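Working notes, beginning with the structure itself.
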There are 2 protein chains.
Amino acid sequence: MARLETLLEALEDASALDDLQAVIESLRDHFRVDHMVYHWVDSGGDQYGCGTYFDTWRDRYIEQEYHRVDPVVLGCFQRFHPVDWKRLDWSGKPARAFLAEALEHGVGNQGYSIPIRGPNGQFALFTVSHRCDDASWAALIDSHGRDLILIAHYFNRKALEFEPDRAPDIPRSLSPREVEAMTLLATGYSRAQVADRLAISEHTLRVYIESARFKLGALNTTHAVARALARGLIVV
Amino acid sequence: MARLETLLEALEDASALDDLQAVIESLRDHFRVDHMVYHWVDSGGDQYGCGTYFDTWRDRYIEQEYHRVDPVVLGCFQRFHPVDWKRLDWSGKPARAFLAEALEHGVGNQGYSIPIRGPNGQFALFTVSHRCDDASWAALIDSHGRDLILIAHYFNRKALEFEPDRAPDIPRSLSPREVEAMTLLATGYSRAQVADRLAISEHTLRVYIESARFKLGALNTTHAVARALARGLIVV
DNA sequence: TTTTCCCTCCCCGGAAATGGGGAGGCGCGG
DNA sequence: CCGCGCCTCCCCATTTCCGGGGAGGGAAAA
């Protein structure tokens, strides 16, 4: 069995998605668990990831849009720290149905998921799952918790690297006045209020907004504010 | 000098902000660097953190709202992986002025910052800074990079524990329909287009927008979209 | 020096958003 | 069972925004 260091290096050296799949399988073997999954949860419903769940389950999950039901996804989305599946809320009817189906598809009764967040609201999960009793599971998590956090971090790093739309178009920066305008708009002020705040005429303000909109390739003011925010050009 | 393990345990056992301040000072000594800072960049402009920068600099930073200028904040906000300050964009005039002032206040010429993100758009930075030449700095980062990532993670975990009321009365999530509406608005569609997309009347759509605006405590549609975006409730 | 931004101001008409109101149906959980 | 939250539809008047146009001055870069 490969040493963890070696596997981490293989992860850092990965240059394609197939490499990640190979790494995650090695990691699963290293930690002696049934499953290990990296899972990018895009709110659009598109999902991307790699891991050792069976294809049937993965396809079913995507087809049924289970990320809207899955307590692991829902729970982790509101947490920062990793969470044991047992601590999640499985009380809902759809959640229990989902769990039953997952077990049928070979997902372990134990699970530990680490939420990871990147820029622009990116959200992903790194999960280990296994079939065993509570005590052995607790011991396993206790001894490998920190390693798993690091692995999750590096996995997400790689996934972001591979994602093509990381640098889509040149983010031409906004002028200071445009930044002020956008910031105040994003803070809820109306156009008139912003103009007042900046001590300029509303007409002038509009020129800034239009200019910013143009630079951002935005279709309207709301879109421009959203893009400026998403690109970190303004901070609300 | 305390061992890292011991310090990590002290961090996990911390039960108050003062403990974090003590831990970060010990960590600074452990890594033999000039400064170590954990820095929560709140979307409101309020900032919270602990670290070893001088009070004069911290006060100046907050008073001048430097987080809108600071290339470290701006750069990290668009990245996932930790970044060496040298790799950031210091070309702007305000950025250079900021840097000069920072150096005057005792901030090191070398720096390494790790972005951390939590639920609801939380964003924080964990930074080490030092005054030394490039080679020694590279060696230091190379040998401690992973440790720093873990420390950053645990620091944020603690900070989130201590500040449960960062987003106090507003963890109310949006309904699915509201999320769809906000998302499409943030994508640049007009109200009529969104209504068409969702195959509902424009009047109905308005109810969603108003409802979302209310839940988000927003003053208008643009504000609501900005808040939804900042809290990670929608993704563009 | 010329060019290229940036900042400032102004016109207009049409389109869109806003903020009030009211009303009915459906599904889930206490 | 009843309430509550969600989804759906409609009215109105008023305010605000949008997207075209044009114009001048100043500062920095090329």
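The chains in the structure tokens are called A, B, ... from first to last as shown; in each chain the residues are counted from 1, and the ligands are counted from 1 in the order shown.
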
Which chain B residues have any atom within 8 Å of an atom of chain A, and for each, what is the nearest pair of atoms with distance in Å to one decimal, counting only C-alpha atoms, rows sorted by chain and number, as a Markdown table?
| residue | atom | partner | partner_atom | distance |
| --- | --- | --- | --- | --- |
| B:Ser43 | CA | A:Val236 | CA | 5.1 |
| B:Gly44 | CA | A:Val236 | CA | 5.9 |
| B:Gly45 | CA | A:Val236 | CA | 7.2 |
| B:Arg68 | CA | A:Val235 | CA | 6.6 |
| B:Leu74 | CA | A:Gly232 | CA | 6.4 |
| B:Phe77 | CA | A:Gly232 | CA | 6.2 |
| B:Gln78 | CA | A:Pro119 | CA | 5.3 |
| B:Arg79 | CA | A:Pro119 | CA | 5.9 |
| B:Phe80 | CA | A:Gly118 | CA | 5.2 |
| B:His81 | CA | A:Arg157 | CA | 6.4 |
| B:Ile116 | CA | A:Arg117 | CA | 7.9 |
| B:Arg117 | CA | A:Arg117 | CA | 5.7 |
| B:Gly118 | CA | A:Phe80 | CA | 5.2 |
| B:Pro119 | CA | A:Gln78 | CA | 5.2 |
| B:Asn120 | CA | A:Gln78 | CA | 7.3 |
| B:Gly121 | CA | A:Gly121 | CA | 7.2 |
| B:Arg146 | CA | A:Leu150 | CA | 7.4 |
| B:Ile149 | CA | A:Leu150 | CA | 7.5 |
| B:Leu150 | CA | A:Leu150 | CA | 6.9 |
| B:Arg157 | CA | A:His81 | CA | 6.4 |
| B:Leu185 | CA | A:His223 | CA | 7.0 |
| B:Ala186 | CA | A:His223 | CA | 5.1 |
| B:Thr187 | CA | A:His223 | CA | 5.8 |
| B:Gly188 | CA | A:His223 | CA | 4.4 |
| B:Tyr189 | CA | A:Leu219 | CA | 7.5 |
| B:Ala218 | CA | A:Gly188 | CA | 6.7 |
| B:Leu219 | CA | A:Gly188 | CA | 5.3 |
| B:Asn220 | CA | A:Gly188 | CA | 6.1 |
| B:Thr221 | CA | A:Thr222 | CA | 7.6 |
| B:Thr222 | CA | A:Thr222 | CA | 5.0 |
| B:His223 | CA | A:Gly188 | CA | 4.4 |
| B:Ala224 | CA | A:Gly188 | CA | 7.9 |
| B:Val225 | CA | A:Ala226 | CA | 7.0 |
| B:Ala226 | CA | A:Ala186 | CA | 5.6 |
| B:Arg227 | CA | A:Ala186 | CA | 8.0 |
| B:Leu229 | CA | A:Ala226 | CA | 7.3 |
| B:Ala230 | CA | A:Leu229 | CA | 7.6 |
| B:Gly232 | CA | A:Gly121 | CA | 5.4 |
| B:Ile234 | CA | A:Ser43 | CA | 7.3 |
| B:Val235 | CA | A:Gly121 | CA | 5.9 |
| B:Val236 | CA | A:Ala230 | CA | 7.6 |

Would you kindly report the residues of chain D within 10 Å of chain B, using only C-alpha atoms (C1' of nucleotides), as a CSV table (one decimal) with N, CA and C atoms (P, O5', C5', C4', C3', O3' and C1' of nucleotides), in the first residue's frame?
chain,number,residue,atom,x,y,z
D,5,DG,P,-45.2,30.8,8.1
D,5,DG,O5',-44.5,30.2,6.8
D,5,DG,C5',-43.8,29.0,6.8
D,5,DG,C4',-43.8,28.4,5.4
D,5,DG,C3',-43.4,29.4,4.3
D,5,DG,O3',-42.4,28.7,3.5
D,5,DG,C1',-45.4,28.3,3.8
D,6,DC,P,-41.6,29.6,2.5
D,6,DC,O5',-42.2,29.1,1.1
D,6,DC,C5',-42.2,27.7,0.8
D,6,DC,C4',-43.1,27.4,-0.3
D,6,DC,C3',-42.9,28.2,-1.5
D,6,DC,O3',-42.5,27.4,-2.6
D,6,DC,C1',-45.2,28.0,-1.0
D,7,DC,P,-42.0,28.1,-4.0
D,7,DC,O5',-43.4,28.1,-4.8
D,7,DC,C5',-43.9,26.9,-5.4
D,7,DC,C4',-45.2,27.3,-6.1
D,7,DC,C3',-45.1,28.3,-7.2
D,7,DC,O3',-45.4,27.7,-8.4
D,7,DC,C1',-47.0,28.7,-5.8
D,8,DT,P,-45.1,28.5,-9.8
D,8,DT,O5',-46.5,29.3,-10.0
D,8,DT,C5',-47.7,28.6,-10.3
D,8,DT,C4',-48.8,29.5,-10.2
D,8,DT,C3',-48.8,30.8,-10.9
D,8,DT,O3',-49.2,30.6,-12.3
D,8,DT,C1',-50.0,30.9,-8.8
D,9,DC,P,-49.0,31.8,-13.3
D,9,DC,O5',-50.2,32.8,-12.9
D,9,DC,C5',-51.6,32.5,-13.2
D,9,DC,C4',-52.4,33.5,-12.6
D,9,DC,C3',-52.3,34.9,-13.2
D,9,DC,O3',-53.3,35.2,-14.2
D,9,DC,C1',-52.7,34.9,-10.8
D,10,DC,P,-53.0,36.3,-15.2
D,10,DC,O5',-53.6,37.6,-14.4
D,10,DC,C5',-55.0,37.7,-14.1
D,10,DC,C4',-55.2,38.9,-13.2
D,10,DC,C3',-54.7,40.2,-13.6
D,10,DC,O3',-55.7,40.9,-14.3
D,10,DC,C1',-54.6,39.9,-11.2

(Q) If the cut-off is 10 Å, can you tell me the residues of chain C near chain B, counting only C-alpha atoms (C1' of nucleotides)? I'd like them as an NGL selection string. (A) :C and (16-19)

Q: Using all C-alpha atoms matched in sequence order, least-squares fit chain A onto chain B and give the RMSD rounded to one decimal in Å.
A: 2.9 Å

Q: Report as a ChimeraX atom specification: the residues of stretch 15-145 of chain B with a DSSP assignment of strand (DSSP E), based on the backbone of this structure.
A: /B:35-41,47-51,83-84,110-117,123-130

Output file for the residues above (C-alpha atoms, as a compact mmCIF listing (two decimals), in the first residue's frame):
# COMPACT_ATOMS: atom_id res chain seq x y z
CA HIS B 35 3.61 38.21 11.92
CA MET B 36 0.72 35.82 11.78
CA VAL B 37 -2.82 37.06 11.30
CA TYR B 38 -6.26 35.59 11.05
CA HIS B 39 -8.50 38.08 9.42
CA TRP B 40 -12.22 37.73 8.81
CA VAL B 41 -13.26 39.96 5.94
CA GLN B 47 -13.70 43.16 10.24
CA TYR B 48 -12.71 40.80 12.90
CA GLY B 49 -9.60 38.89 13.54
CA CYS B 50 -6.63 38.31 15.69
CA GLY B 51 -2.97 38.43 15.03
CA VAL B 83 -0.81 32.76 -2.57
CA ASP B 84 2.55 34.38 -2.11
CA GLN B 110 7.28 38.73 2.41
CA GLY B 111 3.81 37.33 2.87
CA TYR B 112 1.76 34.23 2.30
CA SER B 113 -2.01 34.31 2.59
CA ILE B 114 -4.51 31.50 2.64
CA PRO B 115 -8.10 32.24 1.65
CA ILE B 116 -10.76 30.43 3.63
CA ARG B 117 -14.44 30.30 2.91
CA PHE B 123 -14.51 34.82 3.75
CA ALA B 124 -11.38 35.01 5.82
CA LEU B 125 -7.65 35.16 5.38
CA PHE B 126 -4.88 33.50 7.25
CA THR B 127 -1.62 35.25 6.67
CA VAL B 128 2.01 34.89 7.64
CA SER B 129 4.37 37.73 6.97
CA HIS B 130 8.05 38.18 7.49

Q: Pick out the residues sitting within 12 Å of D:DG22, and hand them over as a list of chain:residue names; count only C-alpha atoms (C1' of nucleotides), and ignore anything fewer than 6 positions along from it in its own chain.
A: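 Here the answer would be C:DC9, C:DC10, C:DC11.
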
Suppose we keep all heavy atoms; can you now write the selection as a PDB file, in the first residue's frame?
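Ended up saving to out00.pdb:
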ATOM      1  P    DC C   9     -21.547  66.766 -12.036  1.00  0.00           P
ATOM      2  OP1  DC C   9     -21.819  67.816 -11.047  1.00  0.00           O
ATOM      3  OP2  DC C   9     -21.919  65.372 -11.764  1.00  0.00           O
ATOM      4  O5'  DC C   9     -22.227  67.189 -13.419  1.00  0.00           O
ATOM      5  C5'  DC C   9     -22.172  68.549 -13.857  1.00  0.00           C
ATOM      6  C4'  DC C   9     -22.706  68.642 -15.255  1.00  0.00           C
ATOM      7  O4'  DC C   9     -22.034  67.673 -16.085  1.00  0.00           O
ATOM      8  C3'  DC C   9     -24.181  68.288 -15.398  1.00  0.00           C
ATOM      9  O3'  DC C   9     -24.980  69.451 -15.319  1.00  0.00           O
ATOM     10  C2'  DC C   9     -24.260  67.672 -16.806  1.00  0.00           C
ATOM     11  C1'  DC C   9     -22.816  67.546 -17.255  1.00  0.00           C
ATOM     12  N1   DC C   9     -22.536  66.230 -17.876  1.00  0.00           N
ATOM     13  C2   DC C   9     -22.578  66.101 -19.264  1.00  0.00           C
ATOM     14  O2   DC C   9     -22.858  67.106 -19.951  1.00  0.00           O
ATOM     15  N3   DC C   9     -22.337  64.896 -19.831  1.00  0.00           N
ATOM     16  C4   DC C   9     -22.047  63.849 -19.062  1.00  0.00           C
ATOM     17  N4   DC C   9     -21.798  62.694 -19.665  1.00  0.00           N
ATOM     18  C5   DC C   9     -21.987  63.955 -17.646  1.00  0.00           C
ATOM     19  C6   DC C   9     -22.234  65.147 -17.092  1.00  0.00           C
ATOM     20  P    DC C  10     -26.497  69.263 -15.037  1.00  0.00           P
ATOM     21  OP1  DC C  10     -26.977  70.593 -14.612  1.00  0.00           O
ATOM     22  OP2  DC C  10     -26.704  68.078 -14.170  1.00  0.00           O
ATOM     23  O5'  DC C  10     -27.113  68.934 -16.470  1.00  0.00           O
ATOM     24  C5'  DC C  10     -27.058  69.911 -17.506  1.00  0.00           C
ATOM     25  C4'  DC C  10     -27.500  69.301 -18.829  1.00  0.00           C
ATOM     26  O4'  DC C  10     -26.578  68.269 -19.216  1.00  0.00           O
ATOM     27  C3'  DC C  10     -28.840  68.589 -18.800  1.00  0.00           C
ATOM     28  O3'  DC C  10     -29.881  69.483 -19.175  1.00  0.00           O
ATOM     29  C2'  DC C  10     -28.693  67.489 -19.863  1.00  0.00           C
ATOM     30  C1'  DC C  10     -27.219  67.533 -20.242  1.00  0.00           C
ATOM     31  N1   DC C  10     -26.628  66.165 -20.316  1.00  0.00           N
ATOM     32  C2   DC C  10     -26.689  65.439 -21.505  1.00  0.00           C
ATOM     33  O2   DC C  10     -27.247  65.949 -22.492  1.00  0.00           O
ATOM     34  N3   DC C  10     -26.160  64.191 -21.563  1.00  0.00           N
ATOM     35  C4   DC C  10     -25.568  63.677 -20.479  1.00  0.00           C
ATOM     36  N4   DC C  10     -25.048  62.456 -20.570  1.00  0.00           N
ATOM     37  C5   DC C  10     -25.486  64.400 -19.258  1.00  0.00           C
ATOM     38  C6   DC C  10     -26.023  65.624 -19.216  1.00  0.00           C
ATOM     39  P    DC C  11     -31.373  69.013 -19.027  1.00  0.00           P
ATOM     40  OP1  DC C  11     -32.191  70.240 -18.967  1.00  0.00           O
ATOM     41  OP2  DC C  11     -31.469  67.986 -17.968  1.00  0.00           O
ATOM     42  O5'  DC C  11     -31.653  68.290 -20.431  1.00  0.00           O
ATOM     43  C5'  DC C  11     -31.556  69.030 -21.632  1.00  0.00           C
ATOM     44  C4'  DC C  11     -31.894  68.125 -22.808  1.00  0.00           C
ATOM     45  O4'  DC C  11     -30.851  67.134 -22.947  1.00  0.00           O
ATOM     46  C3'  DC C  11     -33.175  67.326 -22.637  1.00  0.00           C
ATOM     47  O3'  DC C  11     -34.266  68.016 -23.226  1.00  0.00           O
ATOM     48  C2'  DC C  11     -32.908  66.037 -23.410  1.00  0.00           C
ATOM     49  C1'  DC C  11     -31.396  65.949 -23.498  1.00  0.00           C
ATOM     50  N1   DC C  11     -30.831  64.799 -22.740  1.00  0.00           N
ATOM     51  C2   DC C  11     -30.679  63.562 -23.380  1.00  0.00           C
ATOM     52  O2   DC C  11     -31.026  63.456 -24.571  1.00  0.00           O
ATOM     53  N3   DC C  11     -30.176  62.499 -22.690  1.00  0.00           N
ATOM     54  C4   DC C  11     -29.821  62.667 -21.405  1.00  0.00           C
ATOM     55  N4   DC C  11     -29.309  61.614 -20.763  1.00  0.00           N
ATOM     56  C5   DC C  11     -29.963  63.913 -20.732  1.00  0.00           C
ATOM     57  C6   DC C  11     -30.474  64.951 -21.426  1.00  0.00           C
TER      58       DC C  11
END

Q. Leaving out stretch 3-7 of chain C and any residue of its chain fewer than 2 positions from it, which residues lie within 9 Å of it when counting only C-alpha atoms (C1' of nucleotides), given as an MDAnalysis selection string?
A. (chainID A and resid 175 177 204) or (chainID C and resid 1) or (chainID D and resid 25:30)

Q: Compile the contact shell of C:DG29 as a PyMOL selection string: residues with an atom at most 12 Å away, counting only C-alpha atoms (C1' of nucleotides), same-chain residues fewer than 6 positions apart removed.
A: (chain A and resi 91-93) or (chain D and resi 1-5)

Keeping only C-alpha atoms (C1' of nucleotides), write the selected residues to a file as a CSV table (one decimal), in the first residue's frame.
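Result file follows (again.csv):
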chain,number,residue,atom,x,y,z
A,91,SER,CA,-35.8,13.0,9.6
A,92,GLY,CA,-37.5,14.1,6.4
A,93,LYS,CA,-39.4,11.6,4.3
D,1,DC,C1',-57.6,19.2,11.3
D,2,DC,C1',-55.8,23.5,10.8
D,3,DG,C1',-52.2,26.5,10.0
D,4,DC,C1',-48.3,27.9,7.6
D,5,DG,C1',-45.4,28.3,3.8
